[in-house]
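Colleague: Supplied in structure tokens, the structure appears directly below.
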Amino acid sequence: MNAQEDLLLVVDPQPTFMALCPDELPVPGAEAVIPAINRLLAGPFARAVVTQDWHGPDHLSFASQHPGREPYEVLEMAYGPQVLWPDHAVQGSAGAAIHPDLDMSRVALILRKGMRREIDSYSAFRENDRTTGTGLAEWMRGIGVRRVFIAGITRPYCVDWSAADAAYLGFDVFVIEDACARLGPGQALDESKLALEAQGVGFITTADLLPG
Ligand SMILES: [Zn+2]
């Protein structure tokens with residue numbers, strides 16, 4: 001590992017995606033990523049970035065904003081297909097906070113995303129039009145980052161989209177599989193993994209990074 005060139009990207013470690021918030025967007029087992037990520041933050045990584053999903057209460061990724069639509073339906077938006085989610089990660093809510101158990105001591109930057117009502121932002125690097133940047137790539141290059149290791153919530157959405165964009169933007173990318181939550185059918189997860197591997201993204205586990 002290289003303290004200057006390597007960065008841990010922690011995607012959306014927020015109670016809104018956990019059993020703590022059953023009426024928001026709970027992802028099965030998501031709370032288990034927190035201790036796994038803390039082990040990484042105490043070990044090989046000198047620096048980390050945390051993303052925080054951060055929507056206004058009327059965000060258009062919410063099914064509640066589309067009369068007659070249900071959560072998890074797919075709606076065609078101007079920028080492409082969009083899954084409609086239950087209301088989640090509402091700015092200032094308890095569920096949208098960063099999980100209180102996350103070790104923030106090596107977190108250099110908290111990047112909030114999804115703040116524009118009309119467009120979702122799964123990726124830490126680009127909004128869902130895959131065009132509008134968040135500034136994270138430029139920030140990372142500015143401090144000399146070359147490799148990004150990704151953990152958090154959740155595959156195959158915000159984690160995988162972040163991995164794809166990081167690779168597209170020229171970084172060496174690794175997804176730390178056992179430090180990521182998973183949502184949806186295994187087939188979709190497998191297909192997303194294959195697509196990322198075809199882009200050059202590596203899949204590793206915490207054991208590859210931590211001393212036995
Ligand atoms: Zn969201």
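In the structure tokens, chains take letters A, B, ... by order of appearance, with residues numbered from 1 within each chain and ligands from 1 in the order shown.
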Any idea what's packed within 9 Å of Phe125 (chain A), counting only C-alpha atoms, ignoring anything in its chain fewer than 5 positions away? Could you give it as an NGL selection string?

Modeller: :A and (130 or 132-137 or 161-162 or 165-166 or 169)

Colleague: Once you count only C-alpha atoms and all ligand atoms, what closest atom pair and distance in Å to one decimal does each residue of chain A within 8 Å of ligand 1 have, with rows by chain and rising residue number, as CSV?

Modeller:
```
residue,atom,partner,partner_atom_place_in_ligand_line,distance
A:Asp53,CA,ligand 1,1 (Zn),5.4
A:Trp54,CA,ligand 1,1 (Zn),6.9
A:His55,CA,ligand 1,1 (Zn),6.6
A:Ser61,CA,ligand 1,1 (Zn),7.0
A:Trp85,CA,ligand 1,1 (Zn),7.5
A:His88,CA,ligand 1,1 (Zn),6.3
A:Ala89,CA,ligand 1,1 (Zn),6.2
A:Gly114,CA,ligand 1,1 (Zn),6.3
A:Asp120,CA,ligand 1,1 (Zn),6.7
A:Ser121,CA,ligand 1,1 (Zn),7.1
A:Tyr122,CA,ligand 1,1 (Zn),7.0
```

Colleague: Using only C-alpha atoms, which of A:Gly202, A:Gly152, A:Pro100, A:Gly142 sits nearest Ala124 (chain A)?

Modeller: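 Using only C-alpha atoms, the shortest distance to Ala124 (chain A) belongs to A:Gly152.
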
Colleague: Name the residues in contact with Pro81 (chain A) at a cut-off of 12 Å, using only C-alpha atoms, excluding same-chain residues fewer than 3 positions from it; report them as a list in words.

Modeller: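 Here the qualifying residues turn out to be Ser61, Tyr72, Glu73, Val74, Leu75, Glu76, Met77, Ala78, Leu84, Ile119, Asp120, Asn128 and Asp129 of chain A.
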
Colleague: If you count only C-alpha atoms, which residues fall within 10 Å of Met140 (chain A), apart from same-chain ones fewer than 3 positions away, as an NGL selection string?

Modeller: :A and (5-7 or 49 or 135-137 or 143-148 or 171)

Colleague: With N, CA, C and O atoms retained, could you export that selection as a short mmCIF file (atom, residue, chain, number, x, y, z; two decimals), in the first residue's frame?

Modeller:
```
data_model
loop_
_atom_site.label_atom_id
_atom_site.label_comp_id
_atom_site.auth_asym_id
_atom_site.auth_seq_id
_atom_site.Cartn_x
_atom_site.Cartn_y
_atom_site.Cartn_z
N GLU A 5 -0.81 7.37 -2.74
CA GLU A 5 -1.52 7.03 -3.97
C GLU A 5 -2.81 6.22 -3.75
O GLU A 5 -3.62 6.12 -4.66
N ASP A 6 -2.97 5.62 -2.57
CA ASP A 6 -4.12 4.75 -2.33
C ASP A 6 -5.16 5.46 -1.47
O ASP A 6 -4.82 6.13 -0.50
N LEU A 7 -6.41 5.25 -1.84
CA LEU A 7 -7.52 5.89 -1.12
C LEU A 7 -8.63 4.87 -0.92
O LEU A 7 -8.94 4.09 -1.83
N VAL A 49 -12.34 8.76 1.70
CA VAL A 49 -13.45 9.65 1.36
C VAL A 49 -14.73 8.92 1.71
O VAL A 49 -14.84 7.71 1.47
N GLY A 135 -16.80 16.48 -9.03
CA GLY A 135 -15.55 17.09 -8.60
C GLY A 135 -14.61 16.14 -7.87
O GLY A 135 -13.46 16.49 -7.61
N LEU A 136 -15.09 14.93 -7.56
CA LEU A 136 -14.26 14.02 -6.76
C LEU A 136 -13.01 13.57 -7.52
O LEU A 136 -11.93 13.48 -6.93
N ALA A 137 -13.14 13.29 -8.81
CA ALA A 137 -11.98 12.82 -9.57
C ALA A 137 -10.87 13.88 -9.56
O ALA A 137 -9.69 13.56 -9.37
N ILE A 143 -4.57 15.47 -5.02
CA ILE A 143 -3.77 15.03 -3.88
C ILE A 143 -2.94 13.79 -4.21
O ILE A 143 -2.35 13.18 -3.33
N GLY A 144 -2.90 13.42 -5.49
CA GLY A 144 -1.99 12.37 -5.91
C GLY A 144 -2.52 10.94 -5.85
O GLY A 144 -1.74 9.99 -5.93
N VAL A 145 -3.83 10.78 -5.73
CA VAL A 145 -4.41 9.43 -5.67
C VAL A 145 -4.35 8.78 -7.05
O VAL A 145 -4.67 9.40 -8.07
N ARG A 146 -3.92 7.52 -7.06
CA ARG A 146 -3.90 6.74 -8.30
C ARG A 146 -4.76 5.48 -8.21
O ARG A 146 -5.28 5.00 -9.21
N ARG A 147 -4.87 4.94 -6.99
CA ARG A 147 -5.67 3.72 -6.82
C ARG A 147 -6.79 3.98 -5.83
O ARG A 147 -6.56 4.58 -4.77
N VAL A 148 -7.98 3.50 -6.15
CA VAL A 148 -9.11 3.67 -5.25
C VAL A 148 -9.71 2.31 -4.93
O VAL A 148 -9.94 1.49 -5.82
N PHE A 171 -8.53 5.80 -12.93
CA PHE A 171 -7.94 5.29 -11.69
C PHE A 171 -7.87 3.76 -11.76
O PHE A 171 -8.65 3.11 -12.46
#
```

Colleague: If you run DSSP on this backbone, which residues of region 23-89 of chain A come out as helix (DSSP H, G or I), and could you give them as a count of residues only?

Modeller: 16

Colleague: Applying 10 Å and only C-alpha atoms, which residues near region 90-92 of chain A remain after dropping the ones on its own chain fewer than 3 positions away? List them as a list in words.

Modeller: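 Using only C-alpha atoms, the neighbours found are Thr16, Glu24, Gln52, Asp53, Trp54, His55, Gly56, Pro57, Asp58, His59, Asp87, Gly95, Ala96, Ala97, Arg112 and Met115 of chain A.
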
Colleague: Can you spit out the residues from that selection as a short mmCIF file (atom, residue, chain, number, x, y, z; two decimals), in the first residue's frame, using N, CA, C and O atoms?

Modeller:
```
data_model
loop_
_atom_site.label_atom_id
_atom_site.label_comp_id
_atom_site.auth_asym_id
_atom_site.auth_seq_id
_atom_site.Cartn_x
_atom_site.Cartn_y
_atom_site.Cartn_z
N THR A 16 -29.99 5.08 6.95
CA THR A 16 -31.14 5.02 6.04
C THR A 16 -31.14 3.74 5.20
O THR A 16 -32.19 3.29 4.75
N GLU A 24 -37.25 3.16 5.56
CA GLU A 24 -36.53 3.93 4.54
C GLU A 24 -36.05 2.96 3.45
O GLU A 24 -36.89 2.38 2.76
N GLN A 52 -22.12 10.55 1.04
CA GLN A 52 -23.34 10.64 1.85
C GLN A 52 -24.49 10.98 0.89
O GLN A 52 -24.53 12.08 0.33
N ASP A 53 -25.39 10.01 0.70
CA ASP A 53 -26.58 10.26 -0.11
C ASP A 53 -27.40 11.32 0.63
O ASP A 53 -27.64 11.19 1.84
N TRP A 54 -27.86 12.36 -0.08
CA TRP A 54 -28.34 13.56 0.62
C TRP A 54 -29.40 14.25 -0.24
O TRP A 54 -29.10 15.15 -1.02
N HIS A 55 -30.64 13.75 -0.11
CA HIS A 55 -31.72 14.22 -0.99
C HIS A 55 -32.65 15.19 -0.28
O HIS A 55 -32.94 15.04 0.91
N GLY A 56 -33.18 16.14 -1.06
CA GLY A 56 -34.30 16.92 -0.57
C GLY A 56 -35.52 16.01 -0.43
O GLY A 56 -35.58 14.93 -1.01
N PRO A 57 -36.52 16.46 0.35
CA PRO A 57 -37.68 15.59 0.63
C PRO A 57 -38.55 15.31 -0.59
O PRO A 57 -39.37 14.39 -0.55
N ASP A 58 -38.35 16.08 -1.66
CA ASP A 58 -39.15 15.87 -2.88
C ASP A 58 -38.27 15.37 -4.03
O ASP A 58 -38.55 15.62 -5.21
N HIS A 59 -37.24 14.61 -3.71
CA HIS A 59 -36.32 14.16 -4.76
C HIS A 59 -37.04 13.23 -5.74
O HIS A 59 -37.85 12.38 -5.34
N ASP A 87 -38.67 6.68 0.01
CA ASP A 87 -38.02 7.89 0.53
C ASP A 87 -36.84 7.48 1.42
O ASP A 87 -36.99 6.58 2.27
N GLY A 95 -31.64 9.23 9.67
CA GLY A 95 -31.20 8.15 8.79
C GLY A 95 -30.13 8.58 7.81
O GLY A 95 -29.34 7.75 7.35
N ALA A 96 -30.12 9.85 7.46
CA ALA A 96 -29.15 10.33 6.46
C ALA A 96 -27.78 10.63 7.06
O ALA A 96 -26.82 10.84 6.32
N ALA A 97 -27.68 10.63 8.38
CA ALA A 97 -26.39 10.89 9.01
C ALA A 97 -25.40 9.79 8.66
O ALA A 97 -25.79 8.68 8.30
N ARG A 112 -21.25 14.87 -0.39
CA ARG A 112 -22.70 14.65 -0.45
C ARG A 112 -23.14 14.61 -1.90
O ARG A 112 -22.61 15.34 -2.73
N MET A 115 -28.13 15.83 -4.57
CA MET A 115 -28.77 17.03 -4.04
C MET A 115 -29.64 17.75 -5.07
O MET A 115 -30.45 18.59 -4.70
#
```

Colleague: For CA of Lys193 (chain A) and CA of Ala167 (chain A), determine how far apart the two atoms are, in Å to one decimal place.

Modeller: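 Taking CA of Lys193 (chain A) as the start and CA of Ala167 (chain A) as the end point, the length is 13.2 Å.
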
Colleague: Just checking: using only C-alpha atoms, which residue out of A:Glu127, A:Ile98, A:Ala42, A:Leu111 ends up closest to Gly80 (chain A)?

Modeller: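 Nearest to Gly80 (chain A): A:Glu127.
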
Colleague: Pick from A:Trp139, A:Phe17, A:Phe203, A:Tyr157: nearest to Gln82 (chain A), with only C-alpha atoms counted?

Modeller: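 Looking at the shortest contact to Gln82 (chain A), the residue is A:Tyr157.
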
Colleague: Can you work out which one of A:Val175, A:Phe45, A:Val83, A:Ala151 has the shortest atom-to-atom distance to Ala63 (chain A), counting only C-alpha atoms?

Modeller: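 Checking each candidate against Ala63 (chain A), we get A:Val83 as the closest.
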